[in-house]
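With PDB, C-alpha atoms inside, this is run.pdb:
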ATOM      1  CA  MET A 658      25.198  -5.902 -29.064
ATOM      2  CA  ASN A 659      22.755  -6.142 -31.908
ATOM      3  CA  ILE A 660      19.342  -4.505 -32.010
ATOM      4  CA  HIS A 661      17.551  -7.729 -31.022
ATOM      5  CA  GLN A 662      19.680  -8.137 -27.899
ATOM      6  CA  VAL A 663      19.103  -4.494 -26.969
ATOM      7  CA  GLY A 664      15.379  -5.037 -27.563
ATOM      8  CA  ASP A 665      15.398  -7.947 -25.123
ATOM      9  CA  ILE A 666      17.119  -5.803 -22.500
ATOM     10  CA  LEU A 667      14.660  -2.979 -23.102
ATOM     11  CA  ASP A 668      11.739  -5.394 -22.656
ATOM     12  CA  MET A 669      13.208  -6.549 -19.337
ATOM     13  CA  LEU A 670      13.670  -2.946 -18.190
ATOM     14  CA  ALA A 671      10.122  -2.045 -19.218
ATOM     15  CA  GLU A 672       8.810  -4.865 -17.036
ATOM     16  CA  GLU A 673      10.537  -3.306 -14.008
ATOM     17  CA  LEU A 674       8.139  -0.365 -14.129
ATOM     18  CA  PRO A 675       4.689  -0.417 -12.547
ATOM     19  CA  PRO A 676       1.656  -0.734 -14.827
ATOM     20  CA  GLU A 677       0.434   2.745 -13.800
ATOM     21  CA  PHE A 678       3.372   4.281 -15.670
ATOM     22  CA  TYR A 679       1.898   3.028 -18.939
ATOM     23  CA  ARG A 680      -1.392   4.901 -18.544
ATOM     24  CA  HIS A 681      -2.061   6.804 -21.793
ATOM     25  CA  LEU A 682       1.223   5.627 -23.332
ATOM     26  CA  ASN A 683      -0.779   4.260 -26.238
ATOM     27  CA  GLY A 684       2.181   4.253 -28.652
ATOM     28  CA  GLY A 685       4.277   2.195 -26.257
ATOM     29  CA  ILE A 686       8.045   1.986 -26.239
ATOM     30  CA  LEU A 687       9.671   1.781 -29.654
ATOM     31  CA  LEU A 688      13.250   0.712 -30.292
ATOM     32  CA  VAL A 689      14.139   2.219 -33.647
ATOM     33  CA  PRO A 690      17.247   1.245 -35.612
ATOM     34  CA  GLU A 691      18.441   4.697 -36.592
ATOM     35  CA  ALA A 692      20.641   7.170 -34.784
ATOM     36  CA  LYS A 693      19.297  10.631 -34.175
ATOM     37  CA  HIS A 694      21.371  13.775 -33.941
ATOM     38  CA  SER A 695      20.179  16.676 -31.846
ATOM     39  CA  PRO A 696      18.978  19.736 -33.748
ATOM     40  CA  HIS A 697      21.195  21.674 -31.320
ATOM     41  CA  GLY A 698      24.425  20.292 -32.769
ATOM     42  CA  SER A 699      25.670  17.366 -34.786
ATOM     43  CA  ASP A 700      28.007  16.359 -31.949
ATOM     44  CA  LEU A 701      24.980  15.637 -29.733
ATOM     45  CA  MET A 702      23.061  12.396 -30.062
ATOM     46  CA  ILE A 703      19.515  11.756 -28.923
ATOM     47  CA  LEU A 704      19.304   8.422 -27.123
ATOM     48  CA  GLY A 705      15.608   8.538 -26.430
ATOM     49  CA  GLU A 706      12.666  10.877 -26.606
ATOM     50  CA  TYR A 707       9.133  11.192 -25.368
ATOM     51  CA  ILE A 708       6.716  12.089 -28.122
ATOM     52  CA  THR A 709       3.151  13.325 -27.993
ATOM     53  CA  SER A 710       1.292  13.532 -31.263
ATOM     54  CA  SER A 711      -2.324  14.218 -32.086
ATOM     55  CA  ASN A 712      -2.104  11.445 -34.710
ATOM     56  CA  MET A 713       0.056   8.854 -32.992
ATOM     57  CA  GLY A 714      -0.613   9.551 -29.316
ATOM     58  CA  ARG A 715       2.054   9.248 -26.639
ATOM     59  CA  MET A 716       5.148   7.099 -27.072
ATOM     60  CA  ILE A 717       8.755   6.668 -26.068
ATOM     61  CA  LYS A 718      11.384   6.162 -28.758
ATOM     62  CA  ILE A 719      14.776   4.668 -27.985
ATOM     63  CA  TYR A 720      17.359   5.108 -30.749
ATOM     64  CA  TYR A 721      19.452   1.973 -31.118
ATOM     65  CA  GLY A 722      21.750   3.669 -33.631
ATOM     66  CA  SER A 723      22.530   6.439 -31.153
ATOM     67  CA  PHE A 724      23.387   3.899 -28.449
ATOM     68  CA  GLU A 725      25.529   1.998 -30.937
ATOM     69  CA  ALA A 726      27.364   5.178 -31.978
ATOM     70  CA  MET A 727      28.017   6.302 -28.415
ATOM     71  CA  TYR A 728      28.264   3.139 -26.344
ATOM     72  CA  SER A 729      29.393   0.249 -28.549
ATOM     73  CA  TRP A 730      32.347  -0.214 -26.190
ATOM     74  CA  MET A 731      30.108  -0.986 -23.187
ATOM     75  CA  ASP A 732      29.557  -4.481 -21.900
ATOM     76  CA  GLU A 733      26.006  -5.777 -21.362
ATOM     77  CA  GLU A 734      25.813  -4.664 -17.731
ATOM     78  CA  GLN A 735      26.942  -1.114 -18.501
ATOM     79  CA  LEU A 736      24.620  -0.842 -21.496
ATOM     80  CA  THR A 737      21.708  -2.130 -19.417
ATOM     81  CA  GLU A 738      22.280   0.607 -16.852
ATOM     82  CA  GLU A 739      22.471   3.282 -19.543
ATOM     83  CA  LEU A 740      19.277   1.998 -21.169
ATOM     84  CA  ARG A 741      17.564   1.938 -17.757
ATOM     85  CA  GLU A 742      18.547   5.562 -17.126
ATOM     86  CA  VAL A 743      17.300   6.735 -20.528
ATOM     87  CA  LEU A 744      14.048   4.769 -20.319
ATOM     88  CA  ARG A 745      13.258   6.141 -16.865
ATOM     89  CA  HIS A 746      14.159   9.652 -17.996
ATOM     90  CA  GLU A 747      11.647   9.387 -20.837
ATOM     91  CA  PHE A 748       9.015   7.918 -18.525
ATOM     92  CA  THR A 749       9.521  10.909 -16.250
ATOM     93  CA  HIS A 750       8.684  13.146 -19.202
ATOM     94  CA  HIS A 751       5.541  11.051 -19.790
ATOM     95  CA  ILE A 752       4.369  11.203 -16.194
ATOM     96  CA  GLU A 753       5.091  14.932 -15.946
ATOM     97  CA  SER A 754       3.188  15.511 -19.177
ATOM     98  CA  LEU A 755       0.151  13.727 -17.751
ATOM     99  CA  ALA A 756       0.385  15.945 -14.666
ATOM    100  CA  GLY A 757       0.843  19.155 -16.663
ATOM    101  CA  GLU A 758       4.380  19.595 -15.332
ATOM    102  CA  ARG A 759       7.560  20.584 -17.193
ATOM    103  CA  GLY A 760      10.259  20.188 -14.524
ATOM    104  CA  LEU A 761      12.434  17.678 -16.362
ATOM    105  CA  GLU A 762      11.921  19.461 -19.675
ATOM    106  CA  ILE A 763      13.202  22.684 -18.078
ATOM    107  CA  LYS A 764      16.145  20.816 -16.538
ATOM    108  CA  ASP A 765      17.029  19.334 -19.948
ATOM    109  CA  GLU A 766      16.962  22.827 -21.482
ATOM    110  CA  GLU A 767      19.238  24.142 -18.709
ATOM    111  CA  GLN A 768      21.703  21.307 -19.286
ATOM    112  CA  LEU A 769      21.835  22.165 -22.998
ATOM    113  CA  ARG A 770      22.507  25.829 -22.200
ATOM    114  CA  GLU A 771      25.296  24.833 -19.792
ATOM    115  CA  TYR A 772      26.784  22.487 -22.391
ATOM    116  CA  PHE A 773      26.963  25.230 -25.015
ATOM    117  CA  ALA A 774      28.292  27.755 -22.494
ATOM    118  CA  ARG A 775      31.243  25.393 -21.850
ATOM    119  CA  LYS A 776      31.924  24.884 -25.570
TER
END
Please express what this file holds, its structure, as structure tokens.
Amino acid sequence: MNIHQVGDILDMLAEELPPEFYRHLNGGILLVPEAKHSPHGSDLMILGEYITSSNMGRMIKIYYGSFEAMYSWMDEEQLTEELREVLRHEFTHHIESLAGERGLEIKDEEQLREYFARK
């Protein structure tokens, strides 16, 4: 699927979420064309990330290039489910950040440690 088709799916998925989730998400949801590799290893791709910046505010980035690199074999239904999971994961980071929580951030760090322990 091309970036425009993925953008349409992402728009549909964003509409599934209640308006309250968007409070203080002033940078919105951005679908960027590039792929992003994790700083923890070139074999790890970042599909999405929640960003807070004093200049740009709060935003969610979804990396089309990362999805393309990892999931180009998926059909539309499978890709939609993967996008939904990533988008909701990033929204969880946003909501936790607003509440001063770090639960999902800690869980992500634990998963990385477990991944490298298995390698």
Exercise: region 709-717 of chain A partners within 8 Å, only C-alpha atoms, chain neighbours under 4 positions left out, as a ChimeraX atom specification: /A:681-687,705,747-748,751
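Taking CA of Glu762 (chain A) and CA of Leu674 (chain A) as the two end points, the separation is 20.9 Å.
Across the model, the gap from CA of His746 (chain A) to CA of Glu734 (chain A) is 18.5 Å.
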Could you list the residues chosen by the PyMOL selection byres ((chain A and resi 752) around 10) in this structure as a VMD selection string? chain A and resid 677 to 682 747 to 751 753 to 759
If you measure from CA of Ile660 (chain A) to CA of Arg741 (chain A), what distance in Å do you get, rounded to one decimal? 15.7 Å
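Closest approach to Glu725 (chain A) from the set A:Val743, A:Leu769, A:Ala671, A:Met702 is made by A:Met702, with distances taken over all atoms listed in the file.
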Skipping near chain neighbours, those fewer than 3 positions away, what residues fall within 9 Å of Ala726 (chain A) using all atoms listed in the file, listed as a ChimeraX atom specification? /A:692,702,721-723,729
Selection export as a CSV table (one decimal), keeping the file's coordinate frame, atoms kept: C-alpha atoms:
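Contents of result-v2.csv, freshly written:
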chain,number,residue,atom,x,y,z
A,692,ALA,CA,20.6,7.2,-34.8
A,702,MET,CA,23.1,12.4,-30.1
A,721,TYR,CA,19.5,2.0,-31.1
A,722,GLY,CA,21.8,3.7,-33.6
A,723,SER,CA,22.5,6.4,-31.2
A,729,SER,CA,29.4,0.2,-28.5
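Each of A:Asp700, A:Glu771, A:Asp668, A:Glu691 was compared to Phe724 (chain A) using all atoms listed in the file, and A:Glu691 turns out to be the nearest.
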Name all residues at most 9 Å from Ile666 (chain A) (count all atoms listed in the file; drop same-chain ones fewer than 3 positions away) and give them as a VMD selection string. chain A and resid 661 to 663 669 to 671 733 737 740
Any chance you can output those residues with C-alpha atoms as a PDB file, keeping the file's coordinate frame?
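File written: part31.pdb
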ATOM      1  CA  HIS A 661      17.551  -7.729 -31.022  1.00  0.00           C
ATOM      2  CA  GLN A 662      19.680  -8.137 -27.899  1.00  0.00           C
ATOM      3  CA  VAL A 663      19.103  -4.494 -26.969  1.00  0.00           C
ATOM      4  CA  MET A 669      13.208  -6.549 -19.337  1.00  0.00           C
ATOM      5  CA  LEU A 670      13.670  -2.946 -18.190  1.00  0.00           C
ATOM      6  CA  ALA A 671      10.122  -2.045 -19.218  1.00  0.00           C
ATOM      7  CA  GLU A 733      26.006  -5.777 -21.362  1.00  0.00           C
ATOM      8  CA  THR A 737      21.708  -2.130 -19.417  1.00  0.00           C
ATOM      9  CA  LEU A 740      19.277   1.998 -21.169  1.00  0.00           C
TER      10      LEU A 740
END
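Across A:Asn659, A:Glu766, A:Pro676, A:Leu736, the tightest approach to Pro690 (chain A) is made by A:Asn659 when counting all atoms listed in the file.
Using all atoms listed in the file, the residues found no farther than 8 Å from Leu688 (chain A), other than those of its own chain fewer than 3 positions away, are Gly664, Lys718, Ile719, Tyr720 and Tyr721 of chain A.
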